[in-house]
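*Asks:* Once you've had a glance at the structure underneath, I'll fire off some questions.
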Amino acid sequence: MTYFSTIRNIFLFFVFFTFSGAQDPQFQYLKTPDGVNLRIAKWINSTPNLHSKTILFLEGRASFIEKNQETIQNLLLQGHDVWVFDWRGQGGSSHLLENPQKIHIDDYETYLKDLYQIVHQVVKPSARFPLVFLGVSFGGHMALRYALDHGEDLEGMILVSPMLDIHTKPFPYRVARALTRTALLLGLGEMYAVGYGDYNPLEVGFEKNVSTQDRFRYECQKELCLNNMPLVTGGPTYSWVNATFKSIDYLQKPGFLDSIKVPTLILTAGLDKVVNNSRDKEICGKMVACHQKTYSEAYHNIPNERNIIRDQFLMDVAQFLKNLKSYSLEKVASEIKTNKML
């Protein structure tokens, strides 16, 4: 065993040992009206405090519950209850196509119905504290979509590297959209979008990854995938990409963002090559109570980044959640304008 492998295994042992301590997750499944099983996990904090929240962690595309375990543990240490679930088509929830690695959806309204069912049938009935969404990438997009119609359910939202728009390289944006529409017209909606395929952890290396600059954490995630291949998913289908373009257009409708009154923190990765974050600040500026912060040296997966970035991320999250208890919307908006919130 190499020195690096030894260090990696010690790190893995520490993470899993900590994660499986006194606050073990409780797993359950929720069946949707169309027969899909959604896998859900919760951690009920044994040492809550005056600033404790009920956090529903909205994971990103192609993620699964176990990949978020370090961040969940950090949230528990801050005193919060944490819930997380696997979106339909990924992780331990029902996969939708014959090839279980394909990320597929008909319309984002389907995701929203799943999220509403989880919030109202599972989380809120047993929530001890006000509900906050923490959405990463695709999960951040879904948090915004949910807040438009059901903002009364939420005390706040934290959107981490939110998927507010996407890159389409090597194709120009309009060409990519035209290609996607053509694929659907030809009945190819269940095919992988061009450039995507199954994910094999053994075929990728740290040097070419665009998610994190932390080699240890990268290797931990890779090891986790290798040991849990049934939970692993690959790229999106043309149908998923088409649904994504439609949802991005929906976010950009006049008046959409202006009507969201949920206090929101948007955390942007300055070196993000996964989502197009060029409009994060502009989008935040259209919302009633939003603050945006950029980590200039961060890759896309901020919660899985180097300690110097991650530690700041955790402090910013803790401060935002602490402030939520005493802030009215007017006070949040006022403090954002004077840049005193963080």
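Labels for the structure tokens follow display order: chains A, B, ..., residues from 1 in each chain, ligands from 1.
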Could you give me, as a PDB file with all heavy atoms, in the first residue's frame, the residues within 9 Å of Lys53 (chain A), counting only C-alpha atoms and dropping anything in the same chain fewer than 6 positions from it?

*Replies:*
ATOM      1  N   GLY A  79     -25.457  22.340  15.089  1.00  0.00           N
ATOM      2  CA  GLY A  79     -26.670  22.243  15.883  1.00  0.00           C
ATOM      3  C   GLY A  79     -27.956  22.016  15.116  1.00  0.00           C
ATOM      4  O   GLY A  79     -29.045  22.073  15.697  1.00  0.00           O
ATOM      5  N   HIS A  80     -27.868  21.738  13.812  1.00  0.00           N
ATOM      6  CA  HIS A  80     -29.060  21.632  12.996  1.00  0.00           C
ATOM      7  C   HIS A  80     -29.518  20.181  12.812  1.00  0.00           C
ATOM      8  O   HIS A  80     -28.719  19.247  12.911  1.00  0.00           O
ATOM      9  CB  HIS A  80     -28.803  22.249  11.618  1.00  0.00           C
ATOM     10  CG  HIS A  80     -28.199  23.613  11.681  1.00  0.00           C
ATOM     11  ND1 HIS A  80     -28.853  24.696  12.230  1.00  0.00           N
ATOM     12  CD2 HIS A  80     -26.977  24.070  11.294  1.00  0.00           C
ATOM     13  CE1 HIS A  80     -28.073  25.752  12.161  1.00  0.00           C
ATOM     14  NE2 HIS A  80     -26.927  25.408  11.610  1.00  0.00           N
ATOM     15  N   ASP A  81     -30.813  20.007  12.550  1.00  0.00           N
ATOM     16  CA  ASP A  81     -31.324  18.740  12.037  1.00  0.00           C
ATOM     17  C   ASP A  81     -31.142  18.763  10.523  1.00  0.00           C
ATOM     18  O   ASP A  81     -31.320  19.810   9.891  1.00  0.00           O
ATOM     19  CB  ASP A  81     -32.813  18.569  12.354  1.00  0.00           C
ATOM     20  CG  ASP A  81     -33.086  18.362  13.836  1.00  0.00           C
ATOM     21  OD1 ASP A  81     -32.129  18.110  14.598  1.00  0.00           O
ATOM     22  OD2 ASP A  81     -34.268  18.450  14.229  1.00  0.00           O
ATOM     23  N   VAL A  82     -30.807  17.621   9.935  1.00  0.00           N
ATOM     24  CA  VAL A  82     -30.529  17.592   8.500  1.00  0.00           C
ATOM     25  C   VAL A  82     -31.324  16.473   7.830  1.00  0.00           C
ATOM     26  O   VAL A  82     -31.365  15.339   8.316  1.00  0.00           O
ATOM     27  CB  VAL A  82     -29.025  17.384   8.215  1.00  0.00           C
ATOM     28  CG1 VAL A  82     -28.762  17.444   6.708  1.00  0.00           C
ATOM     29  CG2 VAL A  82     -28.183  18.436   8.936  1.00  0.00           C
ATOM     30  N   ALA A 127     -40.672  18.385  11.688  1.00  0.00           N
ATOM     31  CA  ALA A 127     -39.602  19.377  11.834  1.00  0.00           C
ATOM     32  C   ALA A 127     -39.680  20.058  13.192  1.00  0.00           C
ATOM     33  O   ALA A 127     -40.742  20.503  13.615  1.00  0.00           O
ATOM     34  CB  ALA A 127     -39.683  20.405  10.715  1.00  0.00           C
ATOM     35  N   ARG A 128     -38.542  20.165  13.871  1.00  0.00           N
ATOM     36  CA  ARG A 128     -38.483  20.824  15.179  1.00  0.00           C
ATOM     37  C   ARG A 128     -38.181  22.308  15.058  1.00  0.00           C
ATOM     38  O   ARG A 128     -38.461  23.076  15.971  1.00  0.00           O
ATOM     39  CB  ARG A 128     -37.406  20.165  16.042  1.00  0.00           C
ATOM     40  CG  ARG A 128     -37.618  18.684  16.301  1.00  0.00           C
ATOM     41  CD  ARG A 128     -36.663  18.186  17.367  1.00  0.00           C
ATOM     42  NE  ARG A 128     -35.260  18.253  16.951  1.00  0.00           N
ATOM     43  CZ  ARG A 128     -34.231  18.022  17.769  1.00  0.00           C
ATOM     44  NH1 ARG A 128     -34.467  17.724  19.047  1.00  0.00           N
ATOM     45  NH2 ARG A 128     -32.988  18.073  17.327  1.00  0.00           N
ATOM     46  N   PHE A 129     -37.596  22.706  13.934  1.00  0.00           N
ATOM     47  CA  PHE A 129     -37.133  24.077  13.764  1.00  0.00           C
ATOM     48  C   PHE A 129     -37.571  24.604  12.398  1.00  0.00           C
ATOM     49  O   PHE A 129     -38.032  23.837  11.556  1.00  0.00           O
ATOM     50  CB  PHE A 129     -35.601  24.134  13.876  1.00  0.00           C
ATOM     51  CG  PHE A 129     -35.046  23.356  15.028  1.00  0.00           C
ATOM     52  CD1 PHE A 129     -34.311  22.196  14.825  1.00  0.00           C
ATOM     53  CD2 PHE A 129     -35.274  23.770  16.337  1.00  0.00           C
ATOM     54  CE1 PHE A 129     -33.811  21.463  15.882  1.00  0.00           C
ATOM     55  CE2 PHE A 129     -34.772  23.048  17.409  1.00  0.00           C
ATOM     56  CZ  PHE A 129     -34.042  21.892  17.182  1.00  0.00           C
ATOM     57  N   PRO A 130     -37.425  25.911  12.160  1.00  0.00           N
ATOM     58  CA  PRO A 130     -37.778  26.467  10.846  1.00  0.00           C
ATOM     59  C   PRO A 130     -37.002  25.783   9.723  1.00  0.00           C
ATOM     60  O   PRO A 130     -35.853  25.376   9.894  1.00  0.00           O
ATOM     61  CB  PRO A 130     -37.385  27.943  10.977  1.00  0.00           C
ATOM     62  CG  PRO A 130     -37.439  28.222  12.442  1.00  0.00           C
ATOM     63  CD  PRO A 130     -36.998  26.959  13.110  1.00  0.00           C
ATOM     64  N   LEU A 131     -37.647  25.683   8.559  1.00  0.00           N
ATOM     65  CA  LEU A 131     -37.077  24.945   7.434  1.00  0.00           C
ATOM     66  C   LEU A 131     -36.225  25.852   6.556  1.00  0.00           C
ATOM     67  O   LEU A 131     -36.642  26.942   6.166  1.00  0.00           O
ATOM     68  CB  LEU A 131     -38.198  24.326   6.599  1.00  0.00           C
ATOM     69  CG  LEU A 131     -37.782  23.554   5.335  1.00  0.00           C
ATOM     70  CD1 LEU A 131     -36.875  22.375   5.692  1.00  0.00           C
ATOM     71  CD2 LEU A 131     -39.015  23.080   4.581  1.00  0.00           C
ATOM     72  N   VAL A 132     -35.020  25.362   6.233  1.00  0.00           N
ATOM     73  CA  VAL A 132     -34.097  26.061   5.344  1.00  0.00           C
ATOM     74  C   VAL A 132     -33.643  25.084   4.269  1.00  0.00           C
ATOM     75  O   VAL A 132     -33.307  23.932   4.572  1.00  0.00           O
ATOM     76  CB  VAL A 132     -32.869  26.601   6.115  1.00  0.00           C
ATOM     77  CG1 VAL A 132     -31.852  27.208   5.152  1.00  0.00           C
ATOM     78  CG2 VAL A 132     -33.299  27.632   7.156  1.00  0.00           C
ATOM     79  N   LEU A 321     -27.389  31.407   8.854  1.00  0.00           N
ATOM     80  CA  LEU A 321     -28.433  30.689   9.583  1.00  0.00           C
ATOM     81  C   LEU A 321     -28.679  31.320  10.949  1.00  0.00           C
ATOM     82  O   LEU A 321     -29.824  31.407  11.414  1.00  0.00           O
ATOM     83  CB  LEU A 321     -28.050  29.221   9.740  1.00  0.00           C
ATOM     84  CG  LEU A 321     -27.989  28.416   8.426  1.00  0.00           C
ATOM     85  CD1 LEU A 321     -27.431  27.021   8.677  1.00  0.00           C
ATOM     86  CD2 LEU A 321     -29.362  28.331   7.772  1.00  0.00           C
TER      87      LEU A 321
END

*Asks:* If you run DSSP on the backbone, which residues of region 60-283 of chain A are strand (DSSP E or B), as a list in words?

*Replies:*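 Selection result, strand (DSSP E or B) within region 60-283 of chain A: Asp81, Val82, Trp83, Val84, Phe85, Ile103, Leu131, Val132, Phe133, Leu134, Gly135, Val136, Gly156, Met157, Ile158, Leu159, Val160, Ile166, Tyr192, Pro236, Thr237, Thr264, Leu265, Ile266, Leu267, Thr268, Ala269 and Val275 of chain A.
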
*Asks:* For Met163 (chain A), please output as a ChimeraX atom specification all residues within 8 Å (counting only C-alpha atoms; exclusion window: fewer than 6 positions along the same chain).

*Replies:* /A:137-141,275-277

*Asks:* What's around Asn242 (chain A) at 9 Å? Count only C-alpha atoms, leave out sequence neighbours fewer than 4 positions away in its own chain, and write the answer as a list in words.

*Replies:*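 Using only C-alpha atoms, the neighbours found are Asp106, Asp107, Arg177, Thr180, Arg181, Leu184, Gly189, Thr237, Tyr238, Lys246 and Ser247 of chain A.
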
*Asks:* Ranking A:Val119, A:Ile260, A:Val288, A:Leu77 by minimum distance to Pro48 (chain A) and counting only C-alpha atoms, which one comes first?

*Replies:*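 Closest candidate: A:Leu77.
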
*Asks:* Under the rule that only C-alpha atoms are counted, which of A:His95, A:Arg279, A:His291, A:Arg88 is the nearest residue to Leu30 (chain A)?

*Replies:*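 Among A:His95, A:Arg279, A:His291, A:Arg88, it is A:Arg88 that comes nearest to Leu30 (chain A).
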
*Asks:* Identify which of the residues A:Arg310, A:Lys281, A:His120, A:Lys273 lies closest to Thr71 (chain A), counting only C-alpha atoms when measuring atom-to-atom distances.

*Replies:*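 Among A:Arg310, A:Lys281, A:His120, A:Lys273, it is A:Arg310 that comes nearest to Thr71 (chain A).
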
*Asks:* Could you give me, as a list in words, each residue of region 99-170 of chain A that DSSP assigns to alpha helix (DSSP H) when run on this structure's backbone?

*Replies:* Tyr108, Glu109, Thr110, Tyr111, Leu112, Lys113, Asp114, Leu115, Tyr116, Gln117, Ile118, Phe138, Gly139, Gly140, His141, Met142, Ala143, Leu144, Arg145, Tyr146, Ala147, Leu148, Asp149 and His150 of chain A

*Asks:* Can I get the selection written as an mmCIF file, in the first residue's frame, with N, CA, C and O atoms?

*Replies:*
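Output file result-v8.cif follows:
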data_model
loop_
_atom_site.group_PDB
_atom_site.id
_atom_site.type_symbol
_atom_site.label_atom_id
_atom_site.label_comp_id
_atom_site.auth_asym_id
_atom_site.auth_seq_id
_atom_site.Cartn_x
_atom_site.Cartn_y
_atom_site.Cartn_z
ATOM 1 N N TYR A 108 -39.214 19.584 -15.330
ATOM 2 C CA TYR A 108 -38.824 19.898 -13.961
ATOM 3 C C TYR A 108 -40.015 19.968 -13.011
ATOM 4 O O TYR A 108 -39.847 19.891 -11.795
ATOM 5 N N GLU A 109 -41.213 20.100 -13.550
ATOM 6 C CA GLU A 109 -42.400 20.064 -12.701
ATOM 7 C C GLU A 109 -42.487 18.732 -11.958
ATOM 8 O O GLU A 109 -43.001 18.672 -10.840
ATOM 9 N N THR A 110 -41.966 17.681 -12.554
ATOM 10 C CA THR A 110 -41.951 16.369 -11.897
ATOM 11 C C THR A 110 -41.061 16.398 -10.669
ATOM 12 O O THR A 110 -41.428 15.900 -9.601
ATOM 13 N N TYR A 111 -39.873 16.996 -10.792
ATOM 14 C CA TYR A 111 -38.991 17.158 -9.642
ATOM 15 C C TYR A 111 -39.673 17.996 -8.554
ATOM 16 O O TYR A 111 -39.576 17.692 -7.358
ATOM 17 N N LEU A 112 -40.346 19.070 -8.966
ATOM 18 C CA LEU A 112 -40.991 19.961 -8.001
ATOM 19 C C LEU A 112 -42.100 19.247 -7.239
ATOM 20 O O LEU A 112 -42.281 19.473 -6.037
ATOM 21 N N LYS A 113 -42.842 18.397 -7.922
ATOM 22 C CA LYS A 113 -43.886 17.628 -7.239
ATOM 23 C C LYS A 113 -43.268 16.684 -6.207
ATOM 24 O O LYS A 113 -43.804 16.523 -5.103
ATOM 25 N N ASP A 114 -42.151 16.058 -6.555
ATOM 26 C CA ASP A 114 -41.451 15.186 -5.598
ATOM 27 C C ASP A 114 -41.007 15.989 -4.379
ATOM 28 O O ASP A 114 -41.172 15.555 -3.232
ATOM 29 N N LEU A 115 -40.417 17.153 -4.631
ATOM 30 C CA LEU A 115 -39.917 17.984 -3.540
ATOM 31 C C LEU A 115 -41.053 18.455 -2.640
ATOM 32 O O LEU A 115 -40.934 18.433 -1.406
ATOM 33 N N TYR A 116 -42.157 18.857 -3.231
ATOM 34 C CA TYR A 116 -43.315 19.287 -2.442
ATOM 35 C C TYR A 116 -43.825 18.144 -1.568
ATOM 36 O O TYR A 116 -44.164 18.343 -0.391
ATOM 37 N N GLN A 117 -43.878 16.946 -2.126
ATOM 38 C CA GLN A 117 -44.357 15.798 -1.364
ATOM 39 C C GLN A 117 -43.432 15.497 -0.191
ATOM 40 O O GLN A 117 -43.892 15.215 0.926
ATOM 41 N N ILE A 118 -42.125 15.580 -0.418
ATOM 42 C CA ILE A 118 -41.167 15.325 0.657
ATOM 43 C C ILE A 118 -41.291 16.385 1.748
ATOM 44 O O ILE A 118 -41.305 16.068 2.943
ATOM 45 N N PHE A 138 -27.524 21.826 -9.176
ATOM 46 C CA PHE A 138 -28.898 21.560 -9.602
ATOM 47 C C PHE A 138 -29.878 21.752 -8.445
ATOM 48 O O PHE A 138 -30.985 22.264 -8.625
ATOM 49 N N GLY A 139 -29.466 21.367 -7.241
ATOM 50 C CA GLY A 139 -30.321 21.544 -6.070
ATOM 51 C C GLY A 139 -30.620 22.996 -5.780
ATOM 52 O O GLY A 139 -31.702 23.341 -5.302
ATOM 53 N N GLY A 140 -29.670 23.893 -6.082
ATOM 54 C CA GLY A 140 -29.906 25.317 -5.914
ATOM 55 C C GLY A 140 -30.948 25.831 -6.897
ATOM 56 O O GLY A 140 -31.777 26.684 -6.566
ATOM 57 N N HIS A 141 -30.896 25.318 -8.110
ATOM 58 C CA HIS A 141 -31.904 25.666 -9.112
ATOM 59 C C HIS A 141 -33.291 25.258 -8.635
ATOM 60 O O HIS A 141 -34.251 26.041 -8.710
ATOM 61 N N MET A 142 -33.396 24.040 -8.120
ATOM 62 C CA MET A 142 -34.695 23.541 -7.672
ATOM 63 C C MET A 142 -35.205 24.319 -6.468
ATOM 64 O O MET A 142 -36.414 24.516 -6.312
ATOM 65 N N ALA A 143 -34.306 24.786 -5.616
ATOM 66 C CA ALA A 143 -34.721 25.587 -4.467
ATOM 67 C C ALA A 143 -35.403 26.876 -4.936
ATOM 68 O O ALA A 143 -36.450 27.275 -4.407
ATOM 69 N N LEU A 144 -34.821 27.531 -5.938
ATOM 70 C CA LEU A 144 -35.420 28.749 -6.475
ATOM 71 C C LEU A 144 -36.788 28.472 -7.090
ATOM 72 O O LEU A 144 -37.744 29.227 -6.876
ATOM 73 N N ARG A 145 -36.879 27.389 -7.860
ATOM 74 C CA ARG A 145 -38.159 27.050 -8.475
ATOM 75 C C ARG A 145 -39.227 26.814 -7.404
ATOM 76 O O ARG A 145 -40.372 27.246 -7.532
ATOM 77 N N TYR A 146 -38.851 26.135 -6.333
ATOM 78 C CA TYR A 146 -39.797 25.824 -5.262
ATOM 79 C C TYR A 146 -40.225 27.097 -4.536
ATOM 80 O O TYR A 146 -41.401 27.261 -4.178
ATOM 81 N N ALA A 147 -39.300 28.005 -4.323
ATOM 82 C CA ALA A 147 -39.573 29.199 -3.526
ATOM 83 C C ALA A 147 -40.610 30.104 -4.175
ATOM 84 O O ALA A 147 -41.291 30.866 -3.477
ATOM 85 N N LEU A 148 -40.727 30.044 -5.490
ATOM 86 C CA LEU A 148 -41.698 30.905 -6.160
ATOM 87 C C LEU A 148 -43.118 30.584 -5.716
ATOM 88 O O LEU A 148 -43.889 31.483 -5.369
ATOM 89 N N ASP A 149 -43.477 29.313 -5.697
ATOM 90 C CA ASP A 149 -44.852 28.906 -5.380
ATOM 91 C C ASP A 149 -45.075 28.584 -3.913
ATOM 92 O O ASP A 149 -46.213 28.640 -3.435
ATOM 93 N N HIS A 150 -43.989 28.238 -3.201
ATOM 94 C CA HIS A 150 -44.166 27.760 -1.831
ATOM 95 C C HIS A 150 -43.176 28.417 -0.876
ATOM 96 O O HIS A 150 -42.681 27.786 0.063
#

*Asks:* Taking 4 positions as the minimum chain separation for residues in the same chain, which residues sit within 8 Å of Lys102 (chain A) when counting only C-alpha atoms? Answer as a list in words.

*Replies:*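 Selected residues are Gly89, Leu97, Tyr192, Gly197, Asp198, Thr233, Gly234, Gly235, Pro236 and Thr237 of chain A.
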
*Asks:* How would the residues just chosen look if you wrote them out with all heavy atoms as an mmCIF file, in the first residue's frame?

*Replies:*
data_model
loop_
_atom_site.group_PDB
_atom_site.id
_atom_site.type_symbol
_atom_site.label_atom_id
_atom_site.label_comp_id
_atom_site.auth_asym_id
_atom_site.auth_seq_id
_atom_site.Cartn_x
_atom_site.Cartn_y
_atom_site.Cartn_z
ATOM 1 N N GLY A 89 -34.292 9.001 -10.241
ATOM 2 C CA GLY A 89 -33.341 8.740 -11.307
ATOM 3 C C GLY A 89 -31.898 8.672 -10.865
ATOM 4 O O GLY A 89 -31.008 8.414 -11.690
ATOM 5 N N LEU A 97 -34.649 4.548 -16.411
ATOM 6 C CA LEU A 97 -34.432 3.939 -17.714
ATOM 7 C C LEU A 97 -33.712 2.595 -17.559
ATOM 8 O O LEU A 97 -33.209 2.264 -16.485
ATOM 9 C CB LEU A 97 -33.615 4.869 -18.608
ATOM 10 C CG LEU A 97 -34.235 6.246 -18.908
ATOM 11 C CD1 LEU A 97 -33.301 7.066 -19.792
ATOM 12 C CD2 LEU A 97 -35.601 6.107 -19.567
ATOM 13 N N TYR A 192 -28.139 9.519 -24.292
ATOM 14 C CA TYR A 192 -27.232 10.469 -23.664
ATOM 15 C C TYR A 192 -27.065 11.685 -24.574
ATOM 16 O O TYR A 192 -26.938 11.557 -25.798
ATOM 17 C CB TYR A 192 -25.855 9.857 -23.446
ATOM 18 C CG TYR A 192 -25.691 9.076 -22.163
ATOM 19 C CD1 TYR A 192 -25.237 7.757 -22.188
ATOM 20 C CD2 TYR A 192 -25.940 9.656 -20.926
ATOM 21 C CE1 TYR A 192 -25.045 7.042 -21.012
ATOM 22 C CE2 TYR A 192 -25.767 8.955 -19.745
ATOM 23 C CZ TYR A 192 -25.323 7.647 -19.796
ATOM 24 O OH TYR A 192 -25.147 6.938 -18.630
ATOM 25 N N GLY A 197 -21.891 10.176 -21.068
ATOM 26 C CA GLY A 197 -22.008 8.722 -21.067
ATOM 27 C C GLY A 197 -21.993 8.186 -19.652
ATOM 28 O O GLY A 197 -22.161 8.943 -18.689
ATOM 29 N N ASP A 198 -21.786 6.890 -19.512
ATOM 30 C CA ASP A 198 -21.697 6.294 -18.187
ATOM 31 C C ASP A 198 -20.464 6.825 -17.453
ATOM 32 O O ASP A 198 -19.476 7.236 -18.074
ATOM 33 C CB ASP A 198 -21.583 4.775 -18.302
ATOM 34 C CG ASP A 198 -22.887 4.115 -18.725
ATOM 35 O OD1 ASP A 198 -23.898 4.836 -18.862
ATOM 36 O OD2 ASP A 198 -22.892 2.887 -18.929
ATOM 37 N N THR A 233 -24.524 7.493 -10.988
ATOM 38 C CA THR A 233 -25.128 7.841 -12.265
ATOM 39 C C THR A 233 -24.127 8.611 -13.115
ATOM 40 O O THR A 233 -23.147 9.155 -12.613
ATOM 41 C CB THR A 233 -26.403 8.686 -12.069
ATOM 42 O OG1 THR A 233 -26.154 9.701 -11.095
ATOM 43 C CG2 THR A 233 -27.554 7.821 -11.610
ATOM 44 N N GLY A 234 -24.416 8.649 -14.419
ATOM 45 C CA GLY A 234 -23.513 9.304 -15.353
ATOM 46 C C GLY A 234 -24.071 10.617 -15.851
ATOM 47 O O GLY A 234 -24.421 11.496 -15.071
ATOM 48 N N GLY A 235 -24.172 10.741 -17.176
ATOM 49 C CA GLY A 235 -24.595 12.000 -17.773
ATOM 50 C C GLY A 235 -26.093 12.089 -18.010
ATOM 51 O O GLY A 235 -26.838 11.129 -17.782
ATOM 52 N N PRO A 236 -26.549 13.246 -18.484
ATOM 53 C CA PRO A 236 -27.971 13.466 -18.730
ATOM 54 C C PRO A 236 -28.393 13.029 -20.123
ATOM 55 O O PRO A 236 -27.587 12.997 -21.056
ATOM 56 C CB PRO A 236 -28.102 14.982 -18.575
ATOM 57 C CG PRO A 236 -26.798 15.507 -19.078
ATOM 58 C CD PRO A 236 -25.759 14.490 -18.656
ATOM 59 N N THR A 237 -29.679 12.750 -20.272
ATOM 60 C CA THR A 237 -30.251 12.463 -21.583
ATOM 61 C C THR A 237 -30.646 13.772 -22.264
ATOM 62 O O THR A 237 -30.684 14.835 -21.645
ATOM 63 C CB THR A 237 -31.500 11.580 -21.454
ATOM 64 O OG1 THR A 237 -32.510 12.316 -20.727
ATOM 65 C CG2 THR A 237 -31.178 10.286 -20.725
#

*Asks:* With only C-alpha atoms as the atoms that count, which of A:Val122, A:Asp165, A:Tyr29, A:Ile158 lies nearest to Tyr250 (chain A)?

*Replies:* A:Asp165

*Asks:* Do a neighbour search on region 39-43 of chain A at 8 Å with only C-alpha atoms, toss out local chain neighbours closer than 2 positions, and write the hits as a list in words.

*Replies:* Gln23, Asp24, Pro25, Gln26, Phe27, Gln28, Tyr29, Leu30, Asn37, Asn45, Ile65, Leu76, Asp81, Val82, Trp83, Val84, Phe85, Asp86, Gly92 and Ser93 of chain A

*Asks:* One number please: CA of Gly35 (chain A) to CA of Gln101 (chain A), in Å, one decimal.

*Replies:*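 CA of Gln101 (chain A) lies 19.3 Å from CA of Gly35 (chain A).
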
*Asks:* I'd like the interatomic distance between CA of Tyr299 (chain A) and CA of Gln213 (chain A), to a tenth of an Å.

*Replies:*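 Atom-to-atom, CA of Tyr299 (chain A) to CA of Gln213 (chain A), that is 6.8 Å.
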